[in-house]
file structure.pdb (PDB, C-alpha atoms)
ATOM      1  CA  MET A   1      -2.083  11.779  67.127
ATOM      2  CA  GLN A   2      -3.724  14.985  65.936
ATOM      3  CA  LEU A   3      -6.559  15.381  63.461
ATOM      4  CA  MET A   4      -7.118  18.876  62.067
ATOM      5  CA  GLY A   5      -5.051  20.240  64.954
ATOM      6  CA  LEU A   6      -7.098  18.490  67.643
ATOM      7  CA  PRO A   7      -5.655  15.776  69.912
ATOM      8  CA  MET A   8      -7.041  12.331  69.201
ATOM      9  CA  THR A   9      -6.460   8.901  70.734
ATOM     10  CA  LEU A  10      -6.737   5.746  68.651
ATOM     11  CA  HIS A  11      -6.327   2.160  69.813
ATOM     12  CA  ALA A  12      -5.115  -0.186  67.099
ATOM     13  CA  ARG A  13      -3.600  -3.614  66.624
ATOM     14  CA  THR A  14      -0.247  -3.714  64.895
ATOM     15  CA  SER A  15       0.887  -6.781  62.988
ATOM     16  CA  THR A  16       4.223  -7.413  61.313
ATOM     17  CA  ARG A  17       4.905 -10.008  58.622
ATOM     18  CA  TRP A  18       8.408 -11.131  57.672
ATOM     19  CA  ARG A  19       9.579 -13.175  54.690
ATOM     20  CA  LEU A  20      13.046 -14.376  53.727
ATOM     21  CA  ASP A  21      13.549 -15.809  50.234
ATOM     22  CA  GLY A  22      17.111 -16.702  49.351
ATOM     23  CA  GLY A  23      19.197 -13.627  50.067
ATOM     24  CA  ARG A  24      16.262 -11.201  50.007
ATOM     25  CA  TYR A  25      13.889 -10.166  52.776
ATOM     26  CA  GLU A  26      10.656  -8.263  52.928
ATOM     27  CA  MET A  27       8.698  -7.108  55.949
ATOM     28  CA  HIS A  28       5.351  -5.378  56.301
ATOM     29  CA  LEU A  29       3.825  -3.595  59.268
ATOM     30  CA  HIS A  30       0.115  -2.759  59.371
ATOM     31  CA  MET A  31      -1.679  -0.817  62.067
ATOM     32  CA  ASP A  32      -5.439  -1.276  61.770
ATOM     33  CA  THR A  33      -7.840   1.527  62.723
ATOM     34  CA  ALA A  34      -5.091   4.100  62.131
ATOM     35  CA  GLU A  35      -4.421   2.795  58.602
ATOM     36  CA  PHE A  36      -0.677   3.125  59.035
ATOM     37  CA  ASP A  37       1.574   0.888  56.914
ATOM     38  CA  GLN A  38       5.314   0.395  56.500
ATOM     39  CA  SER A  39       7.195  -1.961  54.186
ATOM     40  CA  SER A  40      10.908  -2.682  53.914
ATOM     41  CA  TYR A  41      12.624  -4.695  51.178
ATOM     42  CA  GLY A  42      16.275  -5.599  50.859
ATOM     43  CA  THR A  43      19.060  -8.130  51.140
ATOM     44  CA  LEU A  44      21.246  -9.657  53.826
ATOM     45  CA  ASP A  45      24.960  -8.932  53.863
ATOM     46  CA  PRO A  46      27.509 -11.721  54.582
ATOM     47  CA  ASP A  47      27.250 -11.003  58.332
ATOM     48  CA  GLY A  48      23.455 -11.340  58.189
ATOM     49  CA  ALA A  49      22.803  -7.601  58.569
ATOM     50  CA  LEU A  50      19.729  -6.131  56.905
ATOM     51  CA  VAL A  51      20.510  -3.965  53.870
ATOM     52  CA  PRO A  52      17.285  -2.195  52.863
ATOM     53  CA  ASP A  53      16.952  -1.067  49.250
ATOM     54  CA  ARG A  54      13.308   0.074  49.279
ATOM     55  CA  TYR A  55      11.121   1.548  52.017
ATOM     56  CA  GLU A  56       7.423   2.430  51.735
ATOM     57  CA  GLU A  57       5.193   4.241  54.199
ATOM     58  CA  LYS A  58       1.483   5.092  54.253
ATOM     59  CA  ARG A  59       0.273   7.459  56.983
ATOM     60  CA  PRO A  60      -3.361   8.322  57.741
ATOM     61  CA  PHE A  61      -4.777  10.984  55.409
ATOM     62  CA  HIS A  62      -1.630  10.937  53.232
ATOM     63  CA  SER A  63      -0.682   9.186  50.002
ATOM     64  CA  ALA A  64       1.821   6.335  50.149
ATOM     65  CA  GLU A  65       5.463   7.402  49.806
ATOM     66  CA  ALA A  66       8.545   5.391  48.882
ATOM     67  CA  VAL A  67      12.311   5.689  48.857
ATOM     68  CA  GLN A  68      14.667   3.569  46.745
ATOM     69  CA  ILE A  69      18.322   3.006  47.704
ATOM     70  CA  ASP A  70      20.807   2.066  44.976
ATOM     71  CA  TRP A  71      23.833   0.990  46.995
ATOM     72  CA  ALA A  72      25.915   0.011  43.954
ATOM     73  CA  HIS A  73      25.700   3.542  42.538
ATOM     74  CA  GLU A  74      25.543   5.255  45.957
ATOM     75  CA  ARG A  75      22.200   6.932  45.222
ATOM     76  CA  VAL A  76      18.960   7.329  47.107
ATOM     77  CA  GLN A  77      15.703   8.358  45.438
ATOM     78  CA  PHE A  78      13.022  10.028  47.574
ATOM     79  CA  GLY A  79       9.815   9.829  45.529
ATOM     80  CA  SER A  80      10.092  12.047  42.440
ATOM     81  CA  ALA A  81      12.866  14.258  43.871
ATOM     82  CA  PRO A  82      16.279  14.249  42.154
ATOM     83  CA  PRO A  83      18.554  11.428  43.378
ATOM     84  CA  ALA A  84      20.717  12.210  46.404
ATOM     85  CA  ARG A  85      23.889  10.593  47.723
ATOM     86  CA  ALA A  86      23.172   7.352  49.573
ATOM     87  CA  PRO A  87      24.046   7.140  53.258
ATOM     88  CA  ALA A  88      27.016   5.117  54.465
ATOM     89  CA  PRO A  89      26.533   1.330  54.614
ATOM     90  CA  GLY A  90      24.734   0.224  57.748
ATOM     91  CA  ALA A  91      21.844   2.694  57.364
ATOM     92  CA  GLN A  92      18.406   1.316  58.198
ATOM     93  CA  ASP A  93      14.885   2.375  57.314
ATOM     94  CA  ARG A  94      12.198   3.091  59.916
ATOM     95  CA  LEU A  95      10.949  -0.508  59.882
ATOM     96  CA  SER A  96      14.128  -2.541  59.414
ATOM     97  CA  LEU A  97      15.831  -0.694  62.295
ATOM     98  CA  GLN A  98      14.047  -2.595  65.081
ATOM     99  CA  PHE A  99      14.926  -5.991  63.602
ATOM    100  CA  GLU A 100      18.511  -5.031  62.826
ATOM    101  CA  LEU A 101      18.962  -3.933  66.458
ATOM    102  CA  ALA A 102      17.569  -7.303  67.573
ATOM    103  CA  ARG A 103      20.002  -9.123  65.261
ATOM    104  CA  GLN A 104      22.928  -7.118  66.570
ATOM    105  CA  ARG A 105      21.934  -7.748  70.198
ATOM    106  CA  GLN A 106      21.764 -11.492  69.511
ATOM    107  CA  ARG A 107      25.113 -11.564  67.720
ATOM    108  CA  TYR A 108      27.145  -8.979  69.644
ATOM    109  CA  PRO A 109      25.836  -8.868  73.246
ATOM    110  CA  GLU A 110      29.037  -7.208  74.472
ATOM    111  CA  ARG A 111      28.107  -4.071  72.501
ATOM    112  CA  PHE A 112      24.849  -3.630  74.409
ATOM    113  CA  VAL A 113      25.990  -2.934  77.951
ATOM    114  CA  ALA A 114      24.112  -0.181  79.798
ATOM    115  CA  GLY A 115      25.389   3.248  78.785
ATOM    116  CA  SER A 116      26.709   2.174  75.385
ATOM    117  CA  THR A 117      25.564   4.088  72.299
ATOM    118  CA  HIS A 118      24.668   3.023  68.773
ATOM    119  CA  GLU A 119      24.630   5.547  65.942
ATOM    120  CA  VAL A 120      22.313   4.804  63.036
ATOM    121  CA  ASN A 121      21.534   6.708  59.859
ATOM    122  CA  LEU A 122      17.761   6.340  59.617
ATOM    123  CA  ILE A 123      16.161   6.362  56.164
ATOM    124  CA  GLY A 124      12.743   8.015  55.993
ATOM    125  CA  THR A 125      10.599   8.913  53.004
ATOM    126  CA  HIS A 126      12.130  12.404  52.622
ATOM    127  CA  ASP A 127      15.601  12.273  54.149
ATOM    128  CA  VAL A 128      18.252  10.349  56.051
ATOM    129  CA  ASP A 129      18.717  11.427  59.668
ATOM    130  CA  PRO A 130      21.424  10.472  62.189
ATOM    131  CA  TRP A 131      20.070   9.000  65.434
ATOM    132  CA  LYS A 132      22.099   8.012  68.495
ATOM    133  CA  PHE A 133      20.565   5.276  70.659
ATOM    134  CA  THR A 134      21.645   4.776  74.259
ATOM    135  CA  VAL A 135      21.269   1.410  75.997
ATOM    136  CA  ALA A 136      19.585   1.532  79.430
ATOM    137  CA  GLU A 137      19.676  -0.910  82.333
ATOM    138  CA  ALA A 138      17.502  -4.029  82.013
ATOM    139  CA  GLU A 139      13.915  -3.559  83.171
ATOM    140  CA  SER A 140      10.568  -5.365  83.226
ATOM    141  CA  ILE A 141       7.855  -4.445  80.719
ATOM    142  CA  ASP A 142       4.179  -5.335  81.114
ATOM    143  CA  THR A 143       2.930  -7.067  77.956
ATOM    144  CA  GLY A 144      -0.017  -9.162  76.874
ATOM    145  CA  ARG A 145       2.120 -12.167  77.854
ATOM    146  CA  GLY A 146       2.807 -10.777  81.320
ATOM    147  CA  PRO A 147       5.966  -9.029  82.557
ATOM    148  CA  MET A 148       8.982  -9.556  80.308
ATOM    149  CA  ARG A 149      12.645  -8.684  80.761
ATOM    150  CA  ALA A 150      13.853  -6.102  78.276
ATOM    151  CA  VAL A 151      16.614  -3.674  77.414
ATOM    152  CA  ARG A 152      15.509  -0.217  76.319
ATOM    153  CA  MET A 153      17.297   1.668  73.550
ATOM    154  CA  SER A 154      16.344   5.319  73.379
ATOM    155  CA  ALA A 155      17.207   8.258  71.156
ATOM    156  CA  ARG A 156      16.158  11.904  71.181
ATOM    157  CA  ARG A 157      16.920  14.679  68.754
ATOM    158  CA  MET A 158      15.817  18.214  68.026
ATOM    159  CA  VAL A 159      14.085  19.123  64.765
ATOM    160  CA  GLY A 160      14.128  22.896  64.882
ATOM    161  CA  THR A 161      12.520  23.677  68.237
ATOM    162  CA  VAL A 162      10.679  20.341  68.523
ATOM    163  CA  GLU A 163      12.019  17.144  70.067
ATOM    164  CA  GLU A 164      11.522  13.760  68.403
ATOM    165  CA  SER A 165      12.143  10.555  70.305
ATOM    166  CA  MET A 166      12.251   6.840  69.685
ATOM    167  CA  GLU A 167      12.420   4.067  72.275
ATOM    168  CA  ILE A 168      12.715   0.371  71.469
ATOM    169  CA  TRP A 169      12.571  -2.335  74.150
ATOM    170  CA  LEU A 170      14.291  -5.585  73.086
ATOM    171  CA  GLY A 171      12.869  -8.652  74.836
ATOM    172  CA  ALA A 172      15.383 -10.969  76.526
ATOM    173  CA  ASP A 173      12.959 -13.916  76.378
ATOM    174  CA  LEU A 174      12.098 -13.441  72.690
ATOM    175  CA  GLN A 175      15.615 -13.551  71.255
ATOM    176  CA  TRP A 176      15.800  -9.763  71.680
ATOM    177  CA  MET A 177      12.963  -9.054  69.271
ATOM    178  CA  PRO A 178      11.136  -5.781  70.032
ATOM    179  CA  ILE A 179       8.365  -6.064  72.635
ATOM    180  CA  ARG A 180       7.560  -2.354  72.902
ATOM    181  CA  ILE A 181       8.170   0.624  70.614
ATOM    182  CA  ARG A 182       7.318   4.221  71.490
ATOM    183  CA  ILE A 183       7.778   7.024  68.966
ATOM    184  CA  VAL A 184       7.060  10.745  69.366
ATOM    185  CA  ASP A 185       7.370  12.471  65.985
ATOM    186  CA  ARG A 186       8.025  16.098  65.096
ATOM    187  CA  LYS A 187       4.273  16.824  65.149
ATOM    188  CA  GLN A 188       4.203  15.371  68.676
ATOM    189  CA  SER A 189       2.049  12.441  67.550
ATOM    190  CA  ILE A 190       2.734   9.402  69.740
ATOM    191  CA  ILE A 191       2.756   5.762  68.670
ATOM    192  CA  ASP A 192       3.157   3.347  71.581
ATOM    193  CA  SER A 193       3.051  -0.337  70.623
ATOM    194  CA  VAL A 194       3.332  -3.181  73.159
ATOM    195  CA  LEU A 195       3.500  -6.914  72.473
ATOM    196  CA  GLU A 196       0.103  -8.560  72.805
TER
END
call {"tool": "encode", "arguments": {"input": "structure.pdb", "output": "structure tokens"}}
result
Amino acid sequence: MQLMGLPMTLHARTSTRWRLDGGRYEMHLHMDTAEFDQSSYGTLDPDGALVPDRYEEKRPFHSAEAVQIDWAHERVQFGSAPPARAPAPGAQDRLSLQFELARQRQRYPERFVAGSTHEVNLIGTHDVDPWKFTVAEAESIDTGRGPMRAVRMSARRMVGTVEESMEIWLGADLQWMPIRIRIVDRKQSIIDSVLE
């Protein structure tokens, strides 16, 4: 992370809360110390897939931002900007993505062999970006619970001359829920979260 252009390291505890009520879900991620928050709200489709219809994000030193997705009318609203065309069904926001990947790995293990790819339209607070995740060979990850077997899904893309990356390790012993997430954004800020 950078503050006023200077590199800065923060150690924080991240907690995620999940709630399912009828056909609707909501999830909230909070990173203390850094004061970083994400929230995702939506429904489940007949297959159980997450269908987000609202995403909120609060970054340090910035105001909270939100995006609303109106799937019925194929519109997406980024803050106060004019509505834009919604992405194709299957798009995920920056929080729901990790749990939707876990759900898919549980339900369709044959799609997650090493070398396979998964394309996702990722909904942020200003745009929708295509990401292509590649599945790696199984590996062991050191966590607060000791070493755990995991499968890493990684994606990289260029934003102008800068590379962004996202890596998500799905834990074999935790029903493929994420046990580590590492993100390098376009400002080269790094968030590296490991299960405690």
call {"tool": "closest_residue", "arguments": {"input": "structure.pdb", "among": "A:His126, A:Phe112, A:Ser63, A:Pro46", "to": "Ala81 (chain A)", "atoms": "only C-alpha atoms"}}
result
A:His126
call {"tool": "closest_residue", "arguments": {"input": "structure.pdb", "among": "A:Glu167, A:Asp93, A:Glu74, A:Asp32", "to": "Met153 (chain A)", "atoms": "all atoms listed in the file"}}
result
A:Glu167
call {"tool": "closest_residue", "arguments": {"input": "structure.pdb", "among": "A:Arg180, A:Leu122, A:Arg186, A:Glu137", "to": "Val159 (chain A)", "atoms": "only C-alpha atoms"}}
result
A:Arg186
call {"tool": "atom_distance", "arguments": {"input": "structure.pdb", "atom1": "CA of Glu196 (chain A)", "atom2": "CA of Arg103 (chain A)"}}
result
21.3 Å
call {"tool": "resolve_selection", "arguments": {"input": "structure.pdb", "expression": "the PyMOL selection byres ((chain A and resi 163) around 12)", "output": "PDB file with C-alpha atoms, in the frame of the given file"}}
result
ATOM      1  CA  ALA A 155      17.207   8.258  71.156  1.00  0.00           C
ATOM      2  CA  ARG A 156      16.158  11.904  71.181  1.00  0.00           C
ATOM      3  CA  ARG A 157      16.920  14.679  68.754  1.00  0.00           C
ATOM      4  CA  MET A 158      15.817  18.214  68.026  1.00  0.00           C
ATOM      5  CA  VAL A 159      14.085  19.123  64.765  1.00  0.00           C
ATOM      6  CA  GLY A 160      14.128  22.896  64.882  1.00  0.00           C
ATOM      7  CA  THR A 161      12.520  23.677  68.237  1.00  0.00           C
ATOM      8  CA  VAL A 162      10.679  20.341  68.523  1.00  0.00           C
ATOM      9  CA  GLU A 164      11.522  13.760  68.403  1.00  0.00           C
ATOM     10  CA  SER A 165      12.143  10.555  70.305  1.00  0.00           C
ATOM     11  CA  MET A 166      12.251   6.840  69.685  1.00  0.00           C
ATOM     12  CA  ILE A 183       7.778   7.024  68.966  1.00  0.00           C
ATOM     13  CA  VAL A 184       7.060  10.745  69.366  1.00  0.00           C
ATOM     14  CA  ASP A 185       7.370  12.471  65.985  1.00  0.00           C
ATOM     15  CA  ARG A 186       8.025  16.098  65.096  1.00  0.00           C
ATOM     16  CA  LYS A 187       4.273  16.824  65.149  1.00  0.00           C
ATOM     17  CA  GLN A 188       4.203  15.371  68.676  1.00  0.00           C
ATOM     18  CA  SER A 189       2.049  12.441  67.550  1.00  0.00           C
TER      19      SER A 189
END
call {"tool": "residues_around", "arguments": {"input": "structure.pdb", "residues": "Arg182 (chain A)", "least_positions_apart": "5", "cutoff": "9 Å", "atoms": "all atoms listed in the file", "output": "list in words"}}
result
Ser165, Met166, Glu167, Ile168, Trp169, Ile190, Ile191, Asp192, Ser193 and Val194 of chain A
call {"tool": "residues_around", "arguments": {"input": "structure.pdb", "residues": "Tyr41 (chain A)", "least_positions_apart": "3", "cutoff": "9 Å", "atoms": "only C-alpha atoms", "output": "list in words"}}
result
Arg24, Tyr25, Glu26, Met27, His28, Val51, Pro52, Asp53, Arg54, Tyr55, Glu56 and Ser96 of chain A
call {"tool": "closest_residue", "arguments": {"input": "structure.pdb", "among": "A:Glu57, A:Gly90, A:Asn121, A:Ala102", "to": "Trp71 (chain A)", "atoms": "all atoms listed in the file"}}
result
A:Gly90
call {"tool": "closest_residue", "arguments": {"input": "structure.pdb", "among": "A:Ala34, A:Ala172, A:Ile181, A:Leu97", "to": "Phe61 (chain A)", "atoms": "all atoms listed in the file"}}
result
A:Ala34
call {"tool": "closest_residue", "arguments": {"input": "structure.pdb", "among": "A:Gly42, A:Gly22, A:Pro87, A:Pro60", "to": "Val128 (chain A)", "atoms": "all atoms listed in the file"}}
result
A:Pro87
call {"tool": "resolve_selection", "arguments": {"input": "structure.pdb", "expression": "the PyMOL selection byres ((chain A and resi 151) around 7)", "output": "VMD selection string"}}
result
chain A and resid 136 to 139 150 152 to 153 169 to 171
call {"tool": "resolve_selection", "arguments": {"input": "structure.pdb", "expression": "the PyMOL selection byres ((chain A and resi 37) around 10)", "output": "number ranges by chain"}}
result
A: 14-16, 28-32, 34-36, 38-39, 56-60, 64, 95
call {"tool": "residues_around", "arguments": {"input": "structure.pdb", "residues": "Thr134 (chain A)", "least_positions_apart": "3", "cutoff": "6 Å", "atoms": "all atoms listed in the file", "output": "ChimeraX atom specification"}}
result
/A:116-117,153-154
